[in-house]
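**Q** You'll find data-v1.cif just under this line, and it carries mmCIF, C-alpha atoms.
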```cif
data_start
loop_
_atom_site.label_atom_id
_atom_site.label_comp_id
_atom_site.auth_asym_id
_atom_site.auth_seq_id
_atom_site.Cartn_x
_atom_site.Cartn_y
_atom_site.Cartn_z
CA MET M 1350 -36.85 7.83 9.42
CA ALA M 1351 -38.79 9.32 12.23
CA ARG M 1352 -39.43 12.98 11.58
CA LEU M 1353 -40.10 15.46 14.36
CA ALA M 1354 -42.32 18.52 14.43
CA PRO M 1355 -43.58 20.06 17.66
CA LEU M 1356 -46.66 18.49 19.22
CA ARG M 1357 -47.87 16.70 16.12
CA PRO M 1358 -48.00 12.91 15.68
CA PRO M 1359 -46.74 13.06 12.06
CA ALA M 1360 -43.50 14.43 13.43
CA TRP M 1361 -42.44 10.99 14.60
CA ARG M 1362 -42.33 9.44 11.20
CA GLY M 1363 -39.70 9.37 8.55
CA ARG M 1364 -37.98 7.56 5.75
CA PRO M 1365 -35.18 5.03 6.23
CA ARG M 1366 -31.85 5.55 4.56
CA THR M 1367 -31.66 2.43 2.41
CA ARG M 1368 -29.11 1.19 -0.04
CA ARG M 1369 -29.02 -1.52 -2.64
CA ALA M 1370 -26.84 -4.36 -1.44
CA ALA M 1371 -24.42 -3.92 -4.31
CA ALA M 1372 -24.00 -0.18 -3.78
CA ALA M 1373 -21.18 1.50 -1.87
CA PRO M 1374 -22.52 2.10 1.65
CA LEU M 1375 -23.04 5.83 2.24
CA LEU M 1376 -19.37 6.40 1.64
CA GLY M 1377 -17.09 7.88 -1.01
CA LEU M 1378 -13.56 7.19 -2.20
CA LEU M 1379 -10.60 9.54 -2.06
CA LEU M 1380 -8.90 9.29 -5.43
CA ALA M 1381 -5.61 11.13 -5.16
CA GLY M 1382 -3.58 12.31 -8.15
CA LEU M 1383 -0.04 11.54 -7.14
CA LEU M 1384 3.44 12.12 -8.56
CA SER M 1385 6.35 9.80 -9.00
CA ALA M 1386 9.54 10.30 -7.00
CA GLY M 1387 11.06 12.23 -9.87
CA GLY M 1388 8.26 14.78 -9.90
CA CYS M 1389 6.77 13.72 -13.25
CA ALA M 1390 3.17 12.62 -13.54
CA ALA M 1391 2.96 8.86 -13.24
CA ALA M 1392 0.17 6.49 -14.18
CA PRO M 1393 -1.12 5.39 -10.76
CA ASP M 1394 -1.49 1.73 -9.94
CA ARG M 1395 -5.18 1.48 -8.98
CA THR M 1396 -5.29 -2.29 -8.77
CA ALA M 1397 -5.97 -4.10 -5.53
CA ASP M 1398 -3.90 -7.11 -6.59
CA SER M 1399 -0.47 -5.55 -6.86
CA ALA M 1400 2.46 -6.61 -4.72
CA THR M 1401 2.10 -3.38 -2.75
CA ALA M 1402 -1.61 -4.05 -2.16
CA ARG M 1403 -0.83 -7.52 -0.87
CA GLN M 1404 1.83 -6.15 1.47
CA ILE M 1405 -0.57 -3.50 2.78
CA THR M 1406 -3.18 -6.22 3.28
CA ASP M 1407 -0.72 -8.15 5.45
CA VAL M 1408 -0.16 -5.02 7.57
CA LEU M 1409 -3.90 -4.48 7.96
CA ASP M 1410 -4.52 -8.12 8.86
CA ARG M 1411 -2.17 -7.66 11.82
CA ARG M 1412 -3.97 -4.46 12.73
CA ALA M 1413 -7.38 -6.18 12.58
CA ALA M 1414 -6.21 -8.92 14.91
CA ALA M 1415 -5.00 -6.26 17.36
CA VAL M 1416 -8.46 -4.62 17.34
CA LEU M 1417 -10.23 -7.87 18.19
CA HIS M 1418 -7.82 -8.55 21.04
CA GLN M 1419 -7.63 -4.93 22.25
CA ASP M 1420 -3.88 -5.25 21.77
CA THR M 1421 -2.64 -1.66 21.94
CA ALA M 1422 0.96 -2.58 21.28
CA GLY M 1423 -0.01 -4.64 18.24
CA TYR M 1424 -2.31 -1.89 16.98
CA LEU M 1425 0.47 0.67 17.17
CA ASP M 1426 3.09 -1.71 15.81
CA VAL M 1427 1.96 -0.99 12.24
CA VAL M 1428 1.98 2.80 12.74
CA ASP M 1429 5.01 4.91 11.73
CA PRO M 1430 7.19 5.10 14.88
CA ASP M 1431 8.01 8.74 14.10
CA ALA M 1432 4.37 9.85 13.66
CA ALA M 1433 3.75 10.89 17.27
CA ALA M 1434 0.39 12.61 16.65
CA LEU M 1435 -0.94 9.70 14.62
CA ARG M 1436 0.15 7.18 17.24
CA THR M 1437 -1.70 9.17 19.90
CA ALA M 1438 -4.81 9.35 17.73
CA GLN M 1439 -4.64 5.63 16.97
CA ARG M 1440 -4.29 4.78 20.65
CA THR M 1441 -7.36 6.93 21.38
CA GLU M 1442 -9.32 5.27 18.57
CA LEU M 1443 -8.61 1.77 19.84
CA ALA M 1444 -9.55 2.79 23.38
CA ALA M 1445 -12.85 4.21 22.06
CA LEU M 1446 -13.73 0.71 20.82
CA ALA M 1447 -12.88 -1.03 24.08
CA GLN M 1448 -16.49 -1.66 25.20
CA VAL M 1449 -17.89 -2.64 21.79
CA PRO M 1450 -18.40 -6.43 21.57
CA LEU M 1451 -16.83 -7.17 18.21
CA ARG M 1452 -17.25 -10.50 16.46
CA SER M 1453 -15.13 -9.61 13.43
CA TRP M 1454 -13.04 -6.75 12.05
CA THR M 1455 -11.50 -6.98 8.60
CA TYR M 1456 -9.95 -4.69 6.01
CA THR M 1457 -10.17 -5.10 2.24
CA VAL M 1458 -7.80 -3.08 0.05
CA LYS M 1459 -9.92 -1.84 -2.85
CA ALA M 1460 -7.30 0.20 -4.71
CA VAL M 1461 -3.74 1.45 -4.30
CA THR M 1462 -2.06 4.53 -5.74
CA GLU M 1463 1.70 4.23 -5.51
CA ARG M 1464 3.94 7.26 -5.12
CA GLY M 1465 7.32 5.99 -6.07
CA ALA M 1466 8.76 2.88 -4.45
CA ASP M 1467 8.23 3.76 -0.80
CA ARG M 1468 4.88 5.56 -0.46
CA ALA M 1469 1.31 4.72 -1.35
CA THR M 1470 -2.31 5.68 -0.70
CA ALA M 1471 -4.84 2.88 -0.26
CA ASP M 1472 -8.63 2.96 -0.51
CA VAL M 1473 -9.78 0.46 2.08
CA GLU M 1474 -13.12 -0.98 3.11
CA LEU M 1475 -13.48 -1.80 6.79
CA ALA M 1476 -16.10 -4.43 7.60
CA TYR M 1477 -17.05 -5.38 11.13
CA ARG M 1478 -19.74 -7.28 13.00
CA VAL M 1479 -21.09 -6.76 16.49
CA ALA M 1480 -21.18 -10.03 18.40
CA GLY M 1481 -24.67 -11.37 19.04
CA PHE M 1482 -26.36 -8.90 16.67
CA ASP M 1483 -24.92 -8.70 13.17
CA THR M 1484 -25.52 -11.45 10.62
CA ALA M 1485 -24.05 -9.20 7.94
CA PRO M 1486 -21.19 -6.73 8.29
CA ALA M 1487 -21.37 -3.00 8.78
CA THR M 1488 -18.88 -1.23 6.54
CA ALA M 1489 -16.90 1.98 6.34
CA ARG M 1490 -14.49 3.30 3.74
CA ARG M 1491 -11.13 4.62 4.83
CA THR M 1492 -8.22 6.31 3.12
CA LEU M 1493 -4.86 5.13 4.40
CA GLU M 1494 -1.40 6.44 3.61
CA VAL M 1495 1.55 4.13 4.07
CA ALA M 1496 5.32 4.35 3.75
CA ARG M 1497 8.21 1.89 3.80
CA ASP M 1498 10.88 2.15 6.43
CA GLY M 1499 14.29 3.43 5.45
CA SER M 1500 15.63 -0.01 4.61
CA GLY M 1501 12.89 -0.57 2.05
CA GLY M 1502 11.34 -3.30 4.16
CA SER M 1503 8.18 -3.03 6.26
CA TRP M 1504 5.26 -0.77 5.44
CA TYR M 1505 3.94 1.55 8.15
CA LEU M 1506 0.74 3.52 8.44
CA THR M 1507 1.30 7.30 8.17
CA ALA M 1508 -2.33 8.49 7.92
CA ASP M 1509 -5.78 7.01 8.53
CA ARG M 1510 -9.00 8.93 7.87
CA PRO M 1511 -12.52 8.44 6.53
CA ALA M 1512 -12.63 8.57 2.74
CA LYS M 1513 -13.59 11.87 1.15
CA ASP M 1514 -17.25 12.74 1.86
CA ALA M 1515 -17.54 9.49 3.86
CA ALA M 1516 -19.29 8.82 7.12
CA VAL M 1517 -17.34 9.34 10.35
CA PRO M 1518 -17.72 6.16 12.45
CA LEU M 1519 -18.99 6.45 16.00
CA TRP M 1520 -15.63 5.47 17.51
CA ASP M 1521 -13.97 8.33 15.63
CA GLN M 1522 -16.28 10.70 17.50
CA GLY M 1523 -15.26 9.68 21.01
CA PRO M 1524 -15.25 6.80 23.50
CA VAL M 1525 -18.18 4.49 22.84
CA VAL M 1526 -20.37 3.69 25.85
CA VAL M 1527 -22.23 0.40 25.52
CA VAL M 1528 -25.57 -0.45 27.14
CA HIS M 1529 -26.90 -4.00 26.81
CA GLY M 1530 -30.66 -4.41 26.69
CA THR M 1531 -32.70 -7.60 26.55
CA HIS M 1532 -33.26 -7.24 22.80
CA SER M 1533 -31.00 -4.29 22.06
CA LEU M 1534 -27.48 -2.95 22.09
CA VAL M 1535 -27.12 0.80 22.45
CA LEU M 1536 -23.81 2.42 21.47
CA GLY M 1537 -23.47 6.05 22.48
CA VAL M 1538 -20.88 8.81 22.40
CA GLY M 1539 -21.05 11.93 24.54
CA ARG M 1540 -24.46 11.10 26.02
CA PRO M 1541 -25.33 10.34 29.68
CA ALA M 1542 -25.49 6.64 30.58
CA LYS M 1543 -28.99 7.19 31.99
CA GLU M 1544 -30.19 8.39 28.59
CA LEU M 1545 -28.67 5.38 26.83
CA ARG M 1546 -30.33 3.02 29.33
CA GLU M 1547 -33.70 4.68 28.68
CA ILE M 1548 -33.24 4.15 24.94
CA ALA M 1549 -32.38 0.50 25.56
CA GLU M 1550 -35.54 0.08 27.65
CA THR M 1551 -37.67 1.64 24.92
CA ALA M 1552 -35.99 -0.51 22.29
CA ASP M 1553 -36.69 -3.59 24.39
CA HIS M 1554 -40.38 -2.66 24.20
CA ALA M 1555 -40.15 -2.01 20.47
CA VAL M 1556 -38.59 -5.32 19.42
CA PRO M 1557 -41.41 -7.59 20.73
CA ALA M 1558 -43.98 -5.19 19.28
CA VAL M 1559 -42.33 -5.54 15.88
CA SER M 1560 -42.19 -9.33 16.16
CA ALA M 1561 -45.91 -9.36 16.91
CA ALA M 1562 -46.61 -7.34 13.75
CA TRP M 1563 -44.09 -9.01 11.41
CA PRO M 1564 -44.42 -12.82 11.58
CA ASP M 1565 -41.38 -13.70 9.46
CA PRO M 1566 -38.19 -14.82 11.22
CA TRP M 1567 -35.75 -12.04 11.95
CA ALA M 1568 -33.00 -11.47 14.50
CA ALA M 1569 -35.46 -9.99 17.05
CA ARG M 1570 -32.73 -7.63 18.26
CA ALA M 1571 -31.13 -4.47 16.95
CA VAL M 1572 -28.24 -2.07 17.38
CA TYR M 1573 -29.02 1.58 18.17
CA LEU M 1574 -26.41 4.32 17.71
CA VAL M 1575 -26.64 7.56 19.70
CA PRO M 1576 -24.15 10.27 18.68
CA ALA M 1577 -23.59 13.37 20.79
CA SER M 1578 -25.55 15.84 18.62
CA THR M 1579 -27.47 16.37 15.39
CA GLU M 1580 -24.22 17.48 13.77
CA ASP M 1581 -22.51 14.28 14.85
CA MET M 1582 -25.48 12.28 13.59
CA ALA M 1583 -24.98 13.86 10.17
CA ARG M 1584 -21.26 13.04 10.29
CA LEU M 1585 -22.12 9.48 11.23
CA LEU M 1586 -24.36 9.24 8.16
CA GLY M 1587 -22.01 11.08 5.81
CA SER M 1588 -24.43 13.93 5.22
CA SER M 1589 -24.95 17.59 6.07
CA ASP M 1590 -26.15 18.75 9.48
CA GLY M 1591 -29.27 20.37 8.03
CA SER M 1592 -30.51 17.08 6.60
CA TYR M 1593 -31.38 15.75 10.04
CA ARG M 1594 -32.76 18.70 11.93
CA GLY M 1595 -36.19 17.59 13.12
CA ILE M 1596 -35.45 13.92 12.37
CA ALA M 1597 -35.76 11.84 15.55
CA ALA M 1598 -34.18 8.66 14.14
CA VAL M 1599 -33.18 6.92 10.93
CA THR M 1600 -32.50 3.34 9.92
CA THR M 1601 -29.54 2.47 7.73
CA GLY M 1602 -29.01 -0.78 5.89
CA ALA M 1603 -29.10 -2.41 2.48
CA VAL M 1604 -32.27 -3.03 0.50
CA SER M 1605 -32.56 -6.73 -0.25
CA SER M 1606 -31.88 -8.06 -3.72
CA GLY M 1607 -35.22 -9.85 -3.49
CA GLU M 1608 -33.64 -13.20 -2.65
CA GLY M 1609 -34.22 -12.82 1.09
CA GLN M 1610 -30.56 -12.28 1.90
CA PRO M 1611 -29.42 -9.35 4.04
CA GLY M 1612 -26.89 -6.97 2.55
CA LEU M 1613 -25.33 -4.77 5.20
CA ALA M 1614 -25.94 -4.61 8.92
CA ASP M 1615 -28.88 -2.43 9.92
CA ARG M 1616 -28.45 0.34 12.46
CA VAL M 1617 -31.05 2.59 14.06
CA VAL M 1618 -29.41 5.99 14.49
CA VAL M 1619 -31.03 8.27 17.08
CA ASN M 1620 -30.87 12.06 16.88
CA PRO M 1621 -30.46 12.85 20.59
CA GLU M 1622 -31.63 16.46 20.29
CA ALA M 1623 -34.88 15.70 18.45
CA TYR M 1624 -35.53 12.48 20.36
CA ALA M 1625 -35.21 14.30 23.70
CA THR M 1626 -38.19 16.54 22.88
CA LEU M 1627 -40.54 13.54 22.63
CA GLY M 1628 -42.56 12.05 25.44
CA THR M 1629 -42.70 8.39 26.34
CA PHE M 1630 -45.34 7.61 23.72
CA GLY M 1631 -43.48 9.42 20.94
CA ARG M 1632 -40.20 7.69 21.75
CA ARG M 1633 -41.90 4.31 21.75
CA VAL M 1634 -43.46 5.01 18.35
CA VAL M 1635 -40.15 6.23 16.91
CA LEU M 1636 -38.13 3.19 17.93
CA THR M 1637 -40.87 0.72 17.01
CA HIS M 1638 -41.19 2.34 13.58
CA GLU M 1639 -37.44 2.21 12.96
CA THR M 1640 -37.04 -1.30 14.33
CA THR M 1641 -39.76 -2.43 11.92
CA HIS M 1642 -37.48 -1.40 9.06
CA VAL M 1643 -34.80 -3.67 10.52
CA ALA M 1644 -37.22 -6.62 10.71
CA THR M 1645 -38.65 -6.17 7.20
CA ARG M 1646 -35.33 -5.42 5.48
CA THR M 1647 -34.97 -8.75 3.68
CA ALA M 1648 -38.52 -8.41 2.26
CA THR M 1649 -37.96 -4.79 1.19
CA THR M 1650 -36.60 -4.36 -2.33
CA ALA M 1651 -36.40 -1.71 -5.02
CA ALA M 1652 -39.96 -2.71 -5.96
CA THR M 1653 -41.36 -1.71 -2.56
CA PRO M 1654 -42.96 1.77 -2.65
CA LEU M 1655 -42.37 4.06 0.32
CA TRP M 1656 -46.09 4.31 1.09
CA LEU M 1657 -45.98 0.58 1.84
CA SER M 1658 -42.66 0.38 3.72
CA GLU M 1659 -43.33 3.54 5.76
CA GLY M 1660 -47.03 2.80 6.14
CA PHE M 1661 -46.27 -0.67 7.44
CA ALA M 1662 -43.68 0.68 9.89
CA ASP M 1663 -46.25 3.16 11.20
CA TRP M 1664 -48.94 0.48 11.32
CA ALA M 1665 -46.64 -1.72 13.41
CA ALA M 1666 -45.78 1.21 15.68
CA TYR M 1667 -49.40 2.28 16.30
CA ARG M 1668 -50.94 -1.19 16.19
CA ARG M 1669 -51.20 -1.60 19.96
CA GLU M 1670 -51.38 2.05 20.90
CA ASP M 1671 -54.57 3.67 22.16
CA ARG M 1672 -54.83 6.52 19.67
CA THR M 1673 -57.62 7.51 17.28
CA ALA M 1674 -57.14 8.02 13.55
CA ASP M 1675 -57.63 11.77 14.07
CA GLU M 1676 -54.78 11.81 16.58
CA ILE M 1677 -52.44 9.79 14.36
CA ALA M 1678 -53.36 11.51 11.08
CA PRO M 1679 -54.31 15.11 11.90
CA GLU M 1680 -53.02 16.69 8.68
CA LEU M 1681 -54.87 14.25 6.46
CA ALA M 1682 -57.98 14.61 8.61
CA THR M 1683 -57.88 18.38 8.08
CA ALA M 1684 -57.57 17.88 4.31
CA VAL M 1685 -60.39 15.34 4.18
CA ARG M 1686 -62.74 17.60 6.11
CA ALA M 1687 -61.91 20.38 3.68
CA ARG M 1688 -63.00 18.01 0.87
CA ASP M 1689 -59.39 17.72 -0.32
CA LEU M 1690 -59.05 13.95 -0.61
CA PRO M 1691 -55.77 12.79 -2.19
CA ALA M 1692 -56.27 11.48 -5.71
CA ALA M 1693 -53.73 8.67 -5.43
CA LEU M 1694 -51.57 6.79 -2.99
CA PRO M 1695 -48.47 8.77 -1.95
CA LEU M 1696 -45.55 8.72 -4.37
CA ASP M 1697 -41.98 8.16 -3.27
CA ASP M 1698 -41.23 11.83 -3.97
CA ASP M 1699 -43.88 12.78 -1.41
CA PHE M 1700 -41.57 11.41 1.30
CA ALA M 1701 -38.60 13.61 0.36
CA PHE M 1702 -36.90 15.65 3.09
CA ASP M 1703 -37.47 18.92 1.34
CA ARG M 1704 -41.24 18.54 1.11
CA ASP M 1705 -43.49 20.93 2.96
CA ALA M 1706 -43.97 19.60 6.51
CA ASP M 1707 -47.75 19.24 6.12
CA GLU M 1708 -47.40 17.48 2.77
CA LEU M 1709 -44.82 15.12 4.23
CA ALA M 1710 -47.12 14.37 7.17
CA ARG M 1711 -50.00 13.59 4.81
CA ALA M 1712 -47.79 11.16 2.88
CA TYR M 1713 -46.97 9.21 6.02
CA GLU M 1714 -50.54 9.33 7.25
CA GLY M 1715 -51.80 8.13 3.88
CA GLY M 1716 -49.39 5.19 3.89
CA TRP M 1717 -50.40 4.26 7.43
CA LEU M 1718 -54.10 4.36 6.57
CA ALA M 1719 -53.54 2.27 3.43
CA CYS M 1720 -51.94 -0.43 5.57
CA ALA M 1721 -54.63 -0.06 8.24
CA LEU M 1722 -57.29 -0.56 5.54
CA ILE M 1723 -55.65 -3.75 4.31
CA ALA M 1724 -55.22 -5.12 7.85
CA GLY M 1725 -58.82 -4.24 8.74
CA GLU M 1726 -60.59 -5.42 5.60
CA TRP M 1727 -58.43 -8.29 4.36
CA GLY M 1728 -56.63 -9.20 7.60
CA GLU M 1729 -53.18 -8.73 9.05
CA ASP M 1730 -51.87 -11.82 7.28
CA ALA M 1731 -52.91 -10.28 3.96
CA LEU M 1732 -50.95 -7.13 4.79
CA THR M 1733 -47.74 -9.04 5.42
CA ASP M 1734 -48.41 -11.28 2.40
CA LEU M 1735 -48.78 -8.17 0.25
CA TYR M 1736 -45.54 -6.70 1.61
CA ARG M 1737 -43.66 -9.86 0.70
CA ALA M 1738 -45.32 -10.20 -2.70
CA VAL M 1739 -44.47 -6.63 -3.74
CA GLY M 1740 -40.86 -7.06 -2.64
CA ALA M 1741 -40.53 -10.36 -4.50
CA HIS M 1742 -41.66 -8.81 -7.79
CA GLY M 1743 -38.99 -8.84 -10.48
CA GLY M 1744 -39.13 -5.10 -11.10
CA ARG M 1745 -40.73 -1.89 -9.90
CA GLU M 1746 -43.21 -1.45 -12.74
CA GLY M 1747 -46.49 -3.19 -11.96
CA ALA M 1748 -45.24 -4.68 -8.70
CA VAL M 1749 -48.00 -3.23 -6.53
CA ASP M 1750 -50.82 -3.91 -9.00
CA THR M 1751 -49.72 -7.51 -9.57
CA ALA M 1752 -49.29 -8.21 -5.86
CA MET M 1753 -52.65 -6.66 -4.97
CA GLU M 1754 -54.46 -8.75 -7.57
CA LYS M 1755 -52.79 -11.86 -6.19
CA VAL M 1756 -53.21 -11.18 -2.47
CA LEU M 1757 -56.25 -8.90 -2.18
CA GLY M 1758 -58.17 -9.84 -5.30
CA VAL M 1759 -58.32 -6.20 -6.45
CA GLY M 1760 -55.95 -4.13 -8.55
CA GLU M 1761 -54.22 -0.93 -7.51
CA ARG M 1762 -56.87 1.27 -9.14
CA GLU M 1763 -59.77 -0.33 -7.27
CA PHE M 1764 -57.75 -0.38 -4.05
CA THR M 1765 -57.06 3.34 -4.40
CA THR M 1766 -60.79 4.00 -4.73
CA ARG M 1767 -61.47 1.99 -1.58
CA TRP M 1768 -58.64 3.78 0.21
CA ARG M 1769 -60.12 7.19 -0.63
CA ASP M 1770 -63.51 6.04 0.67
CA TYR M 1771 -61.79 4.73 3.79
CA LEU M 1772 -60.15 8.10 4.40
CA ALA M 1773 -63.51 9.80 4.13
CA ASP M 1774 -65.12 7.30 6.51
CA ARG M 1775 -62.41 7.38 9.19
CA LEU M 1776 -61.43 11.04 8.99
CA GLY M 1777 -64.47 12.82 7.55
#
```
Represent the structure contained in this file as structure tokens.
**A**
Amino acid sequence: MARLAPLRPPAWRGRPRTRRAAAAPLLGLLLAGLLSAGGCAAAPDRTADSATARQITDVLDRRAAAVLHQDTAGYLDVVDPDAAALRTAQRTELAALAQVPLRSWTYTVKAVTERGADRATADVELAYRVAGFDTAPATARRTLEVARDGSGGSWYLTADRPAKDAAVPLWDQGPVVVVHGTHSLVLGVGRPAKELREIAETADHAVPAVSAAWPDPWAARAVYLVPASTEDMARLLGSSDGSYRGIAAVTTGAVSSGEGQPGLADRVVVNPEAYATLGTFGRRVVLTHETTHVATRTATTAATPLWLSEGFADWAAYRREDRTADEIAPELATAVRARDLPAALPLDDDFAFDRDADELARAYEGGWLACALIAGEWGEDALTDLYRAVGAHGGREGAVDTAMEKVLGVGEREFTTRWRDYLADRLG
């Protein structure tokens, strides 16, 4: 994430929202306790392989095809003909997607709770890919209610909403405006087209900068989401509004399993209110930092400490910028000059949202300077080699120490001593 605080470089940094590839993506399920037609408690059918589940899947397959073809009639064909409000909402939803270049759109029924013979609630995972950008799907969990028509034949949709405590997709927040950049695709809701174009231009600067810093193959393009407000950003990420105040941008995606395979599609989500307070330099740093997380995703695993993933993202963002260490790391510089050198590399907890702002800044600055030390003393290739080696470690314990011995020829303890000396030299 890129965190914002007035007039201070540390404000542009932050921690990415990451998920293990096998985990449910930022979303929850709505598990309804339902009654049978006779009013007695019934054991719900939670399987996704029942006859009802298969019939609902057929309905949703037709709906998915209508989305890809922008077929309004087909999209509404599976909606209850008597549900006027829902049909209006569904028509609006499909129209909101009109500009988004979709490569795929599929539904998977995860569980079904039947309410008698003619009604059911389904927990559904929506997976979609943006054409030209996504090599893995983005996902969203939905809760759908369906009912059979009076003759006991076709199933119709009677309700469609995000699952309980789930993220609210961008298209549910309003018509999506699409801006195509050279290396970017910006999807915005409720923001001026000029602002979205400026973000695309900045992203188009960020992507080549990231490729220059990260030599491994990656898509060299990214999708950037711009909701209307901080509140809408929180809804988009399935979190509370307060979590993102002062956060200029975040990156979402799935942490790799360590086998180099992507999990879920990465998205850079921009907080328009915080981002707007930055100047040209700050915006460039924010988007380069976040785009670095997209590029390094397949090499980032549960073994990768935040000081390395965030420090590398900052190193990539500042690598070609004309700024001194004092300007990039003012909080740590103040601490060093007060003879308050950190005793160890920043811990993951030091990057938590609820940390004191100065402490959080020092964590980011410390990670950046650790990566700058490696790049300066051992070389940039050694820095990227270390990043890969840590991520490829079988587990978290000992990953950094083992990788440092292999790549740098020193263990974590000796490196920490050199890092502390480096802080004193550059900031003292």
**Q** Spell out the residues picked by the PyMOL selection byres ((chain M and resi 1493) around 8) here, as a list of chain:residue names.
**A**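 When the PyMOL selection byres ((chain M and resi 1493) around 8) is applied, the selected residues are M:Thr1470, M:Ala1471, M:Asp1472, M:Val1473, M:Arg1491, M:Thr1492, M:Glu1494, M:Val1495, M:Leu1506, M:Thr1507, M:Ala1508, M:Asp1509, M:Arg1510.
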**Q** Taking the file as I've supplied it (selection: the PyMOL selection byres ((chain M and resi 1736-1739) around 6)), which residues are included? Please answer as a ChimeraX atom specification.
**A** /M:1648,1653,1733-1735,1740-1742,1748-1749,1752
**Q** Extract, using all atoms listed in the file, all DNA, RNA and protein residues at most 8 Å from segment 1414-1428 of chain M, discarding same-chain residues fewer than 4 positions from it, and format them as an MDAnalysis selection string.
**A** chainID M and resid 1408 1410 1432 1435:1436 1439:1440 1443 1447 1451:1454 1504:1507
**Q** Can you turn the PyMOL selection byres ((chain M and resi 1620) around 10) into a concrete residue list for this file, as JSON, numbers by chain?
**A** {"M": [1351, 1574, 1575, 1576, 1577, 1578, 1579, 1580, 1581, 1582, 1583, 1593, 1594, 1595, 1596, 1597, 1598, 1599, 1617, 1618, 1619, 1621, 1622, 1623, 1624, 1625]}
**Q** Taking only residues of segment 1575-1694 of chain M that have an atom at most 12 Å from an atom of segment 1711-1721 of chain M, what is each one's shortest atom pair and its distance in Å to one decimal, using all atoms listed in the file, in chain and number order, as a Markdown table?
**A**
```
| residue | atom | partner | partner_atom | distance |
| --- | --- | --- | --- | --- |
| M:His1638 | CA | M:Trp1717 | CA | 11.2 |
| M:Pro1654 | CA | M:Gly1716 | CA | 9.8 |
| M:Leu1655 | CA | M:Gly1716 | CA | 8.0 |
| M:Trp1656 | CA | M:Gly1716 | CA | 4.4 |
| M:Leu1657 | CA | M:Gly1716 | CA | 6.1 |
| M:Ser1658 | CA | M:Gly1716 | CA | 8.3 |
| M:Glu1659 | CA | M:Gly1716 | CA | 6.6 |
| M:Gly1660 | CA | M:Trp1717 | CA | 3.9 |
| M:Phe1661 | CA | M:Cys1720 | CA | 6.0 |
| M:Ala1662 | CA | M:Trp1717 | CA | 8.0 |
| M:Asp1663 | CA | M:Trp1717 | CA | 5.7 |
| M:Trp1664 | CA | M:Trp1717 | CA | 5.6 |
| M:Ala1665 | CA | M:Trp1717 | CA | 9.3 |
| M:Ala1666 | CA | M:Trp1717 | CA | 9.9 |
| M:Tyr1667 | CA | M:Trp1717 | CA | 9.1 |
| M:Arg1668 | CA | M:Ala1721 | CA | 8.8 |
| M:Thr1673 | CA | M:Leu1718 | CA | 11.7 |
| M:Ala1674 | CA | M:Leu1718 | CA | 8.4 |
| M:Asp1675 | CA | M:Glu1714 | CA | 10.1 |
| M:Glu1676 | CA | M:Glu1714 | CA | 10.5 |
| M:Ile1677 | CA | M:Glu1714 | CA | 7.4 |
| M:Ala1678 | CA | M:Glu1714 | CA | 5.2 |
| M:Pro1679 | CA | M:Glu1714 | CA | 8.3 |
| M:Glu1680 | CA | M:Arg1711 | CA | 5.8 |
| M:Leu1681 | CA | M:Arg1711 | CA | 5.2 |
| M:Ala1682 | CA | M:Arg1711 | CA | 8.9 |
| M:Thr1683 | CA | M:Arg1711 | CA | 9.8 |
| M:Ala1684 | CA | M:Arg1711 | CA | 8.7 |
| M:Val1685 | CA | M:Arg1711 | CA | 10.6 |
| M:Asp1689 | CA | M:Arg1711 | CA | 11.5 |
| M:Leu1690 | CA | M:Gly1715 | CA | 10.3 |
| M:Pro1691 | CA | M:Gly1715 | CA | 8.6 |
| M:Ala1692 | CA | M:Gly1715 | CA | 11.1 |
| M:Ala1693 | CA | M:Gly1715 | CA | 9.5 |
| M:Leu1694 | CA | M:Gly1715 | CA | 7.0 |
```
**Q** Would you output that residue set with C-alpha atoms, as a short mmCIF file (atom, residue, chain, number, x, y, z; two decimals), keeping the file's coordinate frame?
**A**
```
data_model
loop_
_atom_site.label_atom_id
_atom_site.label_comp_id
_atom_site.auth_asym_id
_atom_site.auth_seq_id
_atom_site.Cartn_x
_atom_site.Cartn_y
_atom_site.Cartn_z
CA HIS M 1638 -41.19 2.34 13.58
CA PRO M 1654 -42.96 1.77 -2.65
CA LEU M 1655 -42.37 4.06 0.32
CA TRP M 1656 -46.09 4.31 1.09
CA LEU M 1657 -45.98 0.58 1.84
CA SER M 1658 -42.66 0.38 3.72
CA GLU M 1659 -43.33 3.54 5.76
CA GLY M 1660 -47.03 2.80 6.14
CA PHE M 1661 -46.27 -0.67 7.44
CA ALA M 1662 -43.68 0.68 9.89
CA ASP M 1663 -46.25 3.16 11.20
CA TRP M 1664 -48.94 0.48 11.32
CA ALA M 1665 -46.64 -1.72 13.41
CA ALA M 1666 -45.78 1.21 15.68
CA TYR M 1667 -49.40 2.28 16.30
CA ARG M 1668 -50.94 -1.19 16.19
CA THR M 1673 -57.62 7.51 17.28
CA ALA M 1674 -57.14 8.02 13.55
CA ASP M 1675 -57.63 11.77 14.07
CA GLU M 1676 -54.78 11.81 16.58
CA ILE M 1677 -52.44 9.79 14.36
CA ALA M 1678 -53.36 11.51 11.08
CA PRO M 1679 -54.31 15.11 11.90
CA GLU M 1680 -53.02 16.69 8.68
CA LEU M 1681 -54.87 14.25 6.46
CA ALA M 1682 -57.98 14.61 8.61
CA THR M 1683 -57.88 18.38 8.08
CA ALA M 1684 -57.57 17.88 4.31
CA VAL M 1685 -60.39 15.34 4.18
CA ASP M 1689 -59.39 17.72 -0.32
CA LEU M 1690 -59.05 13.95 -0.61
CA PRO M 1691 -55.77 12.79 -2.19
CA ALA M 1692 -56.27 11.48 -5.71
CA ALA M 1693 -53.73 8.67 -5.43
CA LEU M 1694 -51.57 6.79 -2.99
#
```
